[in-house]
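In what follows, a structure is listed as C-alpha cells, so that the remarks can point back to it.
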Amino acid sequence: MLWSKTYIPTLRESPADAELISHKMLMRGGYIRKLQAGVYNYLPLMQRVLHKTINIVREEMDRSGAIEITMPVLHPAELWQESGRWHVMGKEQMRMKDRHNHDMVLGGTHEEVVTNVIRGELRSYRQLPLNLYQIQVKFRDEIRPRFGLMRGREFLMKDAYTFDTDLETHKVAYNKMVDAYFATFNRCGLAVRKVESDTGAMGGSMAHEFMVIVDTDSGEEVIYFCNKCDYAANVEKAESIDPKKIASETAKPLEKVPTPGAATIEQVTEFLKVPAERLVKTLLYLADGKPVAALIRGDRQINETKLRNHFGCLELVMATADVVEKVTKAPVGFAGPIGLKDIRIVADPEVMALTNFVVGANENETHYINVNLKRDFDVKEVATIRNAQVGDICSHCKEGTLSAQKGIEVGNTFNLGLKYSKALNAKFIDAEGKEQLFWMGSYGIGVTRTIQATVEKYNDEKGIIWPATMAPYQVELVPLTLQDDKLRAASFELYDQLNRAGVEVLMDDRDERAGVKFNDADLIGIPLRVNVGSKSLEKGEIELKERAKPEVGAVKQESAVETIKQTIARQIAKPQPF
RNA sequence: CGGGGUGUGGCGCAGCUUGGUAGCGCGCUUGCUUUGGGAGCAAGAUGUCGUAGGUUCAAAUCCUAUCACCCCGACCA
C-alpha cells in the first residue's frame with residue numbers, strides 16, 4: 001500500500017481529551033477517531049490491526065474446537081426477561097424501542113441468545129460437547145466510558161459459549177478455553193496473568209480474568225498475587241487468611257465514653273488513642289432497599305462485591321444519612337452493633353477475633369470501649385467482607401504474603417453452571433433417556449481492548465512498537481526523497497518485489513522530508529522499516545531498521561527481499577518487541 | 001449520579017477578570033528554494049467563539065438554561 005493512497009491522519013500533538021499513553025498514540029498515529037464518548041471510528045491502520053488480531057483469536061478458537069457463528073446484535077427484550085437479567089443488567093444495557101413500541105436490547109453479551117439458539121434443537125448428549133463463538137460488536141452503556149478503547153460503549157469482543165453434559169466435561173471445556181487464551185495472548189506478544197475473579201452478573205461458581213500487568217496507571221483493576229504460591233485474584237475476589245483469635249486479653253468492663261467531634265476512624269483513633277485495628281466500623285447499606293449492617297475492622301476496606309454476594313442482593317448501596325439516623329437513632333459516624341435491632345448484621349472474621357474493641361454507641365458523639373463479643377452483642381452472620389491488602393497472608397498456601405499490581409483485563413472465563421439452561425429451560429436427553437440441563441460456560445476476549453493494552457505495553461517516547469503479529473503492515477518502506485529519479489525507481493522496484501513476495505508493505509511515497517517520514521514511521525510503529533537513501537544506494541545497499549532496536553543495518557539490494565522476509569519471520573516467531 | 005474541569009478554524013492553545021465585532025503555533029492550499037530525524041521565504045483558505053435565551057447601542061467576554069467532552073469517585077458480562 002502506498003501512504004498517499006490510504007488514509008493515515010497523524011497528529012503532531014495529542015488531542016486534549018486523551019489521557020493514557022496508548023490512547024494518545026492511537027489518536028496521534030491516525031488509528032482511531034472518536035465519534036462520541038466511548039465510541040470510535042477505526043481508521044485504515046486500525047482496521048488492519050483489528051484483522052490481524054481477529055485472525056489470531058479465530059485461529060486459536062478454531063484450533064481449540066470452538067465453532068464460529070454470528071448472532072444478532074439486536075435482541076428481543078422477552079429473552080432477557082425470561083432469563084431474569086432484564087432487571088439485573090439495569091442501565092448498563094443499551095435499550096431501544098422499535099416502531100411497534102417493543103422493547104429491544106443491543107447485546108452486551110449473548111448467554112440468552114446462544115441458549116436460545118440450541119434449545120429445543122440440540123436434544124441429544126451425543127451432540128455434546130459444543131462450543132459456539134462469535135467475534136462481534138458489543139454494546140454496553142458504561143457509566144463512565146474512558147481511556148479510548150479500554151472502556152468503550154461499543155467495542156469488539158470474541159465471546160464463546162460451551163455446552164456440556166456435566167460438571168466434569170464442563171471443566172474440560174473450560175480448561176481448553178484457558179489454554180486457547182494463553183496461546184492467543186502469547187501470539188499477541190502479551191504475557192497475561194490468570195487471576196480468580198468474582199462471577200458478578202454472570203452467575204455460576206468459578207471465574208477467571210486474564211490480565212496484562214502494567215506499570216503505568218492505566219491498569220483499571222488491582223490484582224493481588226501470592227509471593228509463594230500461584231494464587232492470584234482481582235481486588236473483588238482476593239482473600240487473605242483469617243486471623244486466629246488474638247491471645248485473649250481479659251475482658252475489661254464495657255464502658256460508654258463521650259467522643260466529641262470524633263466521627264471518623266481517624267478522629268476516633270486520635271481521640272481515644274486506640275489503633276484503628278482495635279476499632280470496628282459499622283457500615284450501613286441498603287440491600288435491595290432493606291437496611292443491613294456490616295462490621296469490619298477500622299483499618300480495613302469493605303468489599304462491596306463480597307458483601308453483595310453475602311446478602312444475595314441485586315442492588316447494594318451505602319445507606320443515606322437519613323436512613324442511618326433512622327436505624328441508629330444517631331448521626332452518621334456513631335453507628336454500632338450494640339442495641340442495633342431488626343436488621344441483618346454481618347461481621348468479618350477479623351472482627352470475631354478481637355477483644356476489648358471500640359464501636360459506635362448509636363448515640364451522638366459517643367462510643368463504647370472494651371467491647372467484647374457474646375457478652376456485649378452477638379452476630380449470627382460471619383463472612384469475609386473485607387478487601388485483601390498488600391502484606392496479608394495468602395489464603396491458599398497460608399505462607400506467602402500478597403502483593404498488588406495493576407492490570408488490564410483482556411479476557412475472562414466463567415463457569416455458568418446451570419443458570420441459563422435452567423432459566424431458559426434448555427435441556428438435552430442423556431444416555432439414560434432422561435432430560436438434563438446443559439452445563440454452560442462463557443468466555444470473552446475484548447479484542448479492541450487487547451489492541452490498546454498492547455499499545456499501552458509496547459511503546460516508547462516516539463510512538464507505538466507493534467508486535468509483528470499485530471502490526472498493520474510488516475514493513476514500512478521509506479524512500480528518503482522522491483526527487484531523485486534513481487532513488488525513486490529503486491524504491492518502487494523494491495516495493496513491487498516485496499508485494500510480489502507476499503510481504504505486507506506500506507511505502508511512504510509522500511513528498512515529505514526524511515525527518516517527517518521517520519517520525520511518522522516511529523509513531524505508527526511498524527516493526528521493520530526499510531530506508532532507501534542515496535548514500536547507501538551508491539553502495540548498492542538499502543537500510544533495515546527494526547522499530548524496537550536502536551541500530552540501523554545495511555543489506556545489498558539483491559538480497560534485500562530475502563533478508564526482509566527472514567527478519568519478518570523472526571519477528572513473528574517472537575512477537576514480544578521487548 | 002456526586003465532585004472537579006473544559007468547550008474559540010483539522011490539532012494544540014491565547015483572548016474572557018476590565019464588553020467594542022477574533023488571534024497565535026502546527027496542519028492545509030499555491031509558488032520558489034531546500035531535502036538522511038518534524039525546512040525556509042512569500043502569498044492564501046478555513047471560525048454562526050458548543051447550543052438556546054437574556055442584559056446591552058454593542059457579547060467569545062456579563063447573566064440564565066441546556067448540551068457535549070475530560071478527570072476523580074461510585075459502577076462494571
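By order of appearance in the C-alpha cells: chains A, B, ..., then residues from 1 within every chain, and ligands from 1 in the order shown.
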Q: Give the alpha helix (DSSP H) residues of segment 230-352 of chain A, as assigned by DSSP on the backbone, as a VMD selection string.
A: chain A and resid 265 to 272 304 to 311 321 to 328 349 to 352
Excluding segment 51-55 of chain B and its own-chain neighbours fewer than 6 positions away, which residues fall within 10 Å of it when counting only C-alpha atoms (C1' of nucleotides)? Please give them as a list in words.
C62, C63, U64, A65, U66, C67 and A68 of chain B
Backbone-only DSSP, strand (DSSP E) members of segment 24-249 of chain A, as an MDAnalysis selection string
chainID A and resid 32:36 39:42 67:68 74:76 94:97 103:106 130:139 154:164 192:196 206:214 221:226 232:234
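Distances from B:A22, B:A58, B:A42, B:A74 to chain A were compared using only C-alpha atoms (C1' of nucleotides), and the smallest one belongs to B:A74.
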Can you pull out the residues contacting C11 of chain B? Cut-off 10 Å, using only C-alpha atoms (C1' of nucleotides), and skip same-chain residues under 4 positions away; I want them as a PDB file with C-alpha atoms (C1' of nucleotides), in the first residue's frame.
```
ATOM      1  CA  THR A  10      -1.155  11.515  12.000  1.00  0.00           C
ATOM      2  CA  LEU A  11      -1.065  14.306  14.531  1.00  0.00           C
ATOM      3  CA  ARG A  12       1.937  16.099  15.960  1.00  0.00           C
ATOM      4  CA  GLU A  13       0.168  16.841  19.189  1.00  0.00           C
ATOM      5  CA  SER A  14      -2.042  14.662  21.340  1.00  0.00           C
ATOM      6  CA  PRO A  15      -5.696  15.565  21.451  1.00  0.00           C
ATOM      7  CA  ALA A  16      -6.536  17.142  24.785  1.00  0.00           C
ATOM      8  CA  ARG A  28      -1.763  10.560  17.010  1.00  0.00           C
TER       9      ARG A  28
ATOM     10  C1'   C B  26       1.098  23.373  13.979  1.00  0.00           C
ATOM     11  C1'   G B  27      -1.509  21.452   9.917  1.00  0.00           C
TER      12        G B  27
END
```
With a cut-off of 10 Å, could you pull out the residues of chain B touching chain A and give me the nearest pair of atoms for each, distance in Å to one decimal, using only C-alpha atoms (C1' of nucleotides), ordered by chain and ascending number, as a Markdown table?
```
| residue | atom | partner | partner_atom | distance |
| --- | --- | --- | --- | --- |
| B:C1 | C1' | A:Ile143 | CA | 9.4 |
| B:U6 | C1' | A:Asp17 | CA | 9.4 |
| B:G10 | C1' | A:Leu11 | CA | 9.8 |
| B:C11 | C1' | A:Glu13 | CA | 6.6 |
| B:G12 | C1' | A:Glu13 | CA | 6.4 |
| B:C26 | C1' | A:Arg12 | CA | 7.6 |
| B:G27 | C1' | A:Leu11 | CA | 8.5 |
| B:U34 | C1' | A:Arg513 | CA | 9.6 |
| B:U35 | C1' | A:Arg513 | CA | 6.0 |
| B:G36 | C1' | A:Ala514 | CA | 6.4 |
| B:G37 | C1' | A:Gly515 | CA | 4.0 |
| B:G38 | C1' | A:Val516 | CA | 4.9 |
| B:A39 | C1' | A:Arg513 | CA | 8.1 |
| B:A68 | C1' | A:Gln36 | CA | 8.8 |
| B:C69 | C1' | A:Ala37 | CA | 7.3 |
| B:C70 | C1' | A:Asp17 | CA | 5.4 |
| B:C71 | C1' | A:Glu19 | CA | 8.8 |
| B:A74 | C1' | A:Val317 | CA | 9.4 |
| B:C75 | C1' | A:Ile143 | CA | 6.6 |
| B:C76 | C1' | A:Glu142 | CA | 7.4 |
| B:A77 | C1' | A:Thr109 | CA | 5.8 |
```
Save out the residues we just selected, C-alpha atoms (C1' of nucleotides), as a JSON list (two decimals), in the first residue's frame.
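Generated file (result22.json):
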```json
[["chain", "number", "residue", "atom", "x", "y", "z"],
["B", 1, "C", "C1'", -25.42, 10.06, 39.94],
["B", 6, "U", "C1'", -13.05, 22.14, 29.51],
["B", 10, "G", "C1'", -8.46, 19.93, 11.29],
["B", 11, "C", "C1'", -4.97, 19.64, 16.12],
["B", 12, "G", "C1'", -2.83, 22.36, 20.39],
["B", 26, "C", "C1'", 1.10, 23.37, 13.98],
["B", 27, "G", "C1'", -1.51, 21.45, 9.92],
["B", 34, "U", "C1'", 15.52, 23.18, 0.36],
["B", 35, "U", "C1'", 15.84, 17.76, 1.07],
["B", 36, "G", "C1'", 19.38, 11.41, 5.91],
["B", 37, "G", "C1'", 15.33, 12.73, 12.06],
["B", 38, "G", "C1'", 9.10, 17.17, 12.45],
["B", 39, "A", "C1'", 12.90, 23.05, 6.48],
["B", 68, "A", "C1'", -21.21, 17.72, 24.78],
["B", 69, "C", "C1'", -16.46, 16.12, 26.33],
["B", 70, "C", "C1'", -12.46, 15.00, 30.01],
["B", 71, "C", "C1'", -10.70, 13.68, 35.07],
["B", 74, "A", "C1'", -19.44, 5.16, 42.72],
["B", 75, "C", "C1'", -20.36, 1.11, 38.95],
["B", 76, "C", "C1'", -18.55, -2.68, 35.64],
["B", 77, "A", "C1'", -20.52, -9.81, 31.10]]
```
*Between atom CA of Asp508 of chain A and atom CA of Val455 of chain A, what is the distance, to one decimal in Å?*
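Result for atom CA of Asp508 of chain A versus atom CA of Val455 of chain A: 22.1 Å, one decimal.
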What's the 12 Å shell around segment 275-277 of chain A, counting only C-alpha atoms (C1' of nucleotides), without same-chain residues fewer than 2 positions away, as a PyMOL selection string? chain A and resi 246+264-273+279-281+296-301+350-351+353-359
- [ ] Write out as a list in words which residues come within 10 Å of segment 65-69 of chain A when counting only C-alpha atoms (C1' of nucleotides), dropping same-chain ones fewer than 6 positions away.
- [x] Arg58, Glu59, Val114, Pro129, Leu130, Asn131, Leu132, Tyr133, Gln134, Ile135, Gln136, Lys158, Asp159, Ala160, Tyr161, Thr162, Ala173, Lys176, Met177 and Ala180 of chain A
field: Close residues, segment 421-430 of chain A itself excluded, 8 Å, only C-alpha atoms (C1' of nucleotides), min 6 positions apart in chain, as a ChimeraX atom specification
entry: /A:82-84,112,115-116,118-120,122-125,165,436-440
Could you take the residues named above and write them with N, CA, C and O atoms, as a CSV table (one decimal), in the first residue's frame?
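New file part00.csv:
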```csv
chain,number,residue,atom,x,y,z
A,82,GLU,N,-37.0,-13.4,30.2
A,82,GLU,CA,-37.1,-14.8,30.6
A,82,GLU,C,-35.9,-15.3,31.4
A,82,GLU,O,-36.1,-16.1,32.4
A,83,SER,N,-34.7,-14.8,31.2
A,83,SER,CA,-33.6,-15.2,32.0
A,83,SER,C,-33.5,-14.4,33.3
A,83,SER,O,-32.8,-14.8,34.2
A,84,GLY,N,-34.3,-13.4,33.4
A,84,GLY,CA,-34.3,-12.6,34.6
A,84,GLY,C,-33.3,-11.5,34.6
A,84,GLY,O,-33.2,-10.7,35.6
A,112,GLU,N,-28.1,-15.5,26.7
A,112,GLU,CA,-29.5,-15.7,26.4
A,112,GLU,C,-29.7,-16.2,25.0
A,112,GLU,O,-30.4,-17.1,24.7
A,115,THR,N,-28.2,-19.6,24.1
A,115,THR,CA,-29.0,-20.7,24.7
A,115,THR,C,-30.3,-20.9,23.9
A,115,THR,O,-30.7,-22.0,23.7
A,116,ASN,N,-30.8,-19.7,23.5
A,116,ASN,CA,-32.0,-19.8,22.6
A,116,ASN,C,-31.7,-20.5,21.3
A,116,ASN,O,-32.5,-21.2,20.7
A,118,ILE,N,-29.7,-23.0,20.7
A,118,ILE,CA,-29.6,-24.5,20.8
A,118,ILE,C,-30.8,-25.2,21.4
A,118,ILE,O,-31.1,-26.3,21.2
A,119,ARG,N,-31.5,-24.4,22.2
A,119,ARG,CA,-32.6,-25.1,23.0
A,119,ARG,C,-33.7,-25.6,22.0
A,119,ARG,O,-34.1,-24.9,21.0
A,120,GLY,N,-34.1,-26.7,22.3
A,120,GLY,CA,-35.2,-27.3,21.5
A,120,GLY,C,-34.6,-28.1,20.4
A,120,GLY,O,-35.2,-29.0,19.9
A,122,LEU,N,-30.9,-28.8,20.0
A,122,LEU,CA,-29.8,-29.7,20.4
A,122,LEU,C,-30.4,-30.6,21.5
A,122,LEU,O,-30.5,-30.1,22.7
A,123,ARG,N,-30.8,-31.8,21.1
A,123,ARG,CA,-31.6,-32.6,22.1
A,123,ARG,C,-30.8,-33.8,22.6
A,123,ARG,O,-31.2,-34.4,23.6
A,124,SER,N,-29.7,-34.1,22.0
A,124,SER,CA,-29.0,-35.4,22.4
A,124,SER,C,-27.6,-35.1,23.0
A,124,SER,O,-26.9,-34.2,22.5
A,125,TYR,N,-27.3,-35.9,24.0
A,125,TYR,CA,-26.0,-35.8,24.6
A,125,TYR,C,-24.9,-36.1,23.6
A,125,TYR,O,-23.8,-35.8,23.8
A,165,THR,N,-22.4,-31.9,29.2
A,165,THR,CA,-23.4,-32.8,29.9
A,165,THR,C,-23.3,-32.7,31.4
A,165,THR,O,-24.3,-32.9,32.1
A,436,GLN,N,-31.9,-33.5,30.8
A,436,GLN,CA,-30.9,-32.8,31.7
A,436,GLN,C,-30.7,-31.4,31.2
A,436,GLN,O,-30.8,-31.1,30.0
A,437,LEU,N,-30.3,-30.6,32.2
A,437,LEU,CA,-29.9,-29.2,31.8
A,437,LEU,C,-28.5,-29.1,31.4
A,437,LEU,O,-27.7,-29.9,31.8
A,438,PHE,N,-28.2,-28.2,30.5
A,438,PHE,CA,-26.8,-28.1,30.0
A,438,PHE,C,-26.0,-27.4,31.0
A,438,PHE,O,-26.4,-26.5,31.7
A,439,TRP,N,-24.7,-27.9,31.1
A,439,TRP,CA,-23.7,-27.1,31.9
A,439,TRP,C,-23.1,-26.2,30.9
A,439,TRP,O,-22.6,-26.5,29.9
A,440,MET,N,-23.1,-24.9,31.3
A,440,MET,CA,-22.6,-23.9,30.4
A,440,MET,C,-21.4,-23.1,30.9
A,440,MET,O,-21.2,-23.0,32.1
```
Taken to one decimal, the atom CA of Val214 of chain A-atom CA of Leu156 of chain A distance is 21.8 Å
Do you have the atom CA of Thr184 of chain A-atom CA of Thr6 of chain A distance handy?
->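 Computing it gives 29.2 Å between the two atoms.
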Query - For Leu340 of chain A: contacts at 10 Å, only C-alpha atoms (C1' of nucleotides), fewer than 6 positions along chain excluded, given as a PyMOL selection string - result: chain A and resi 293+327-329+361-362+377
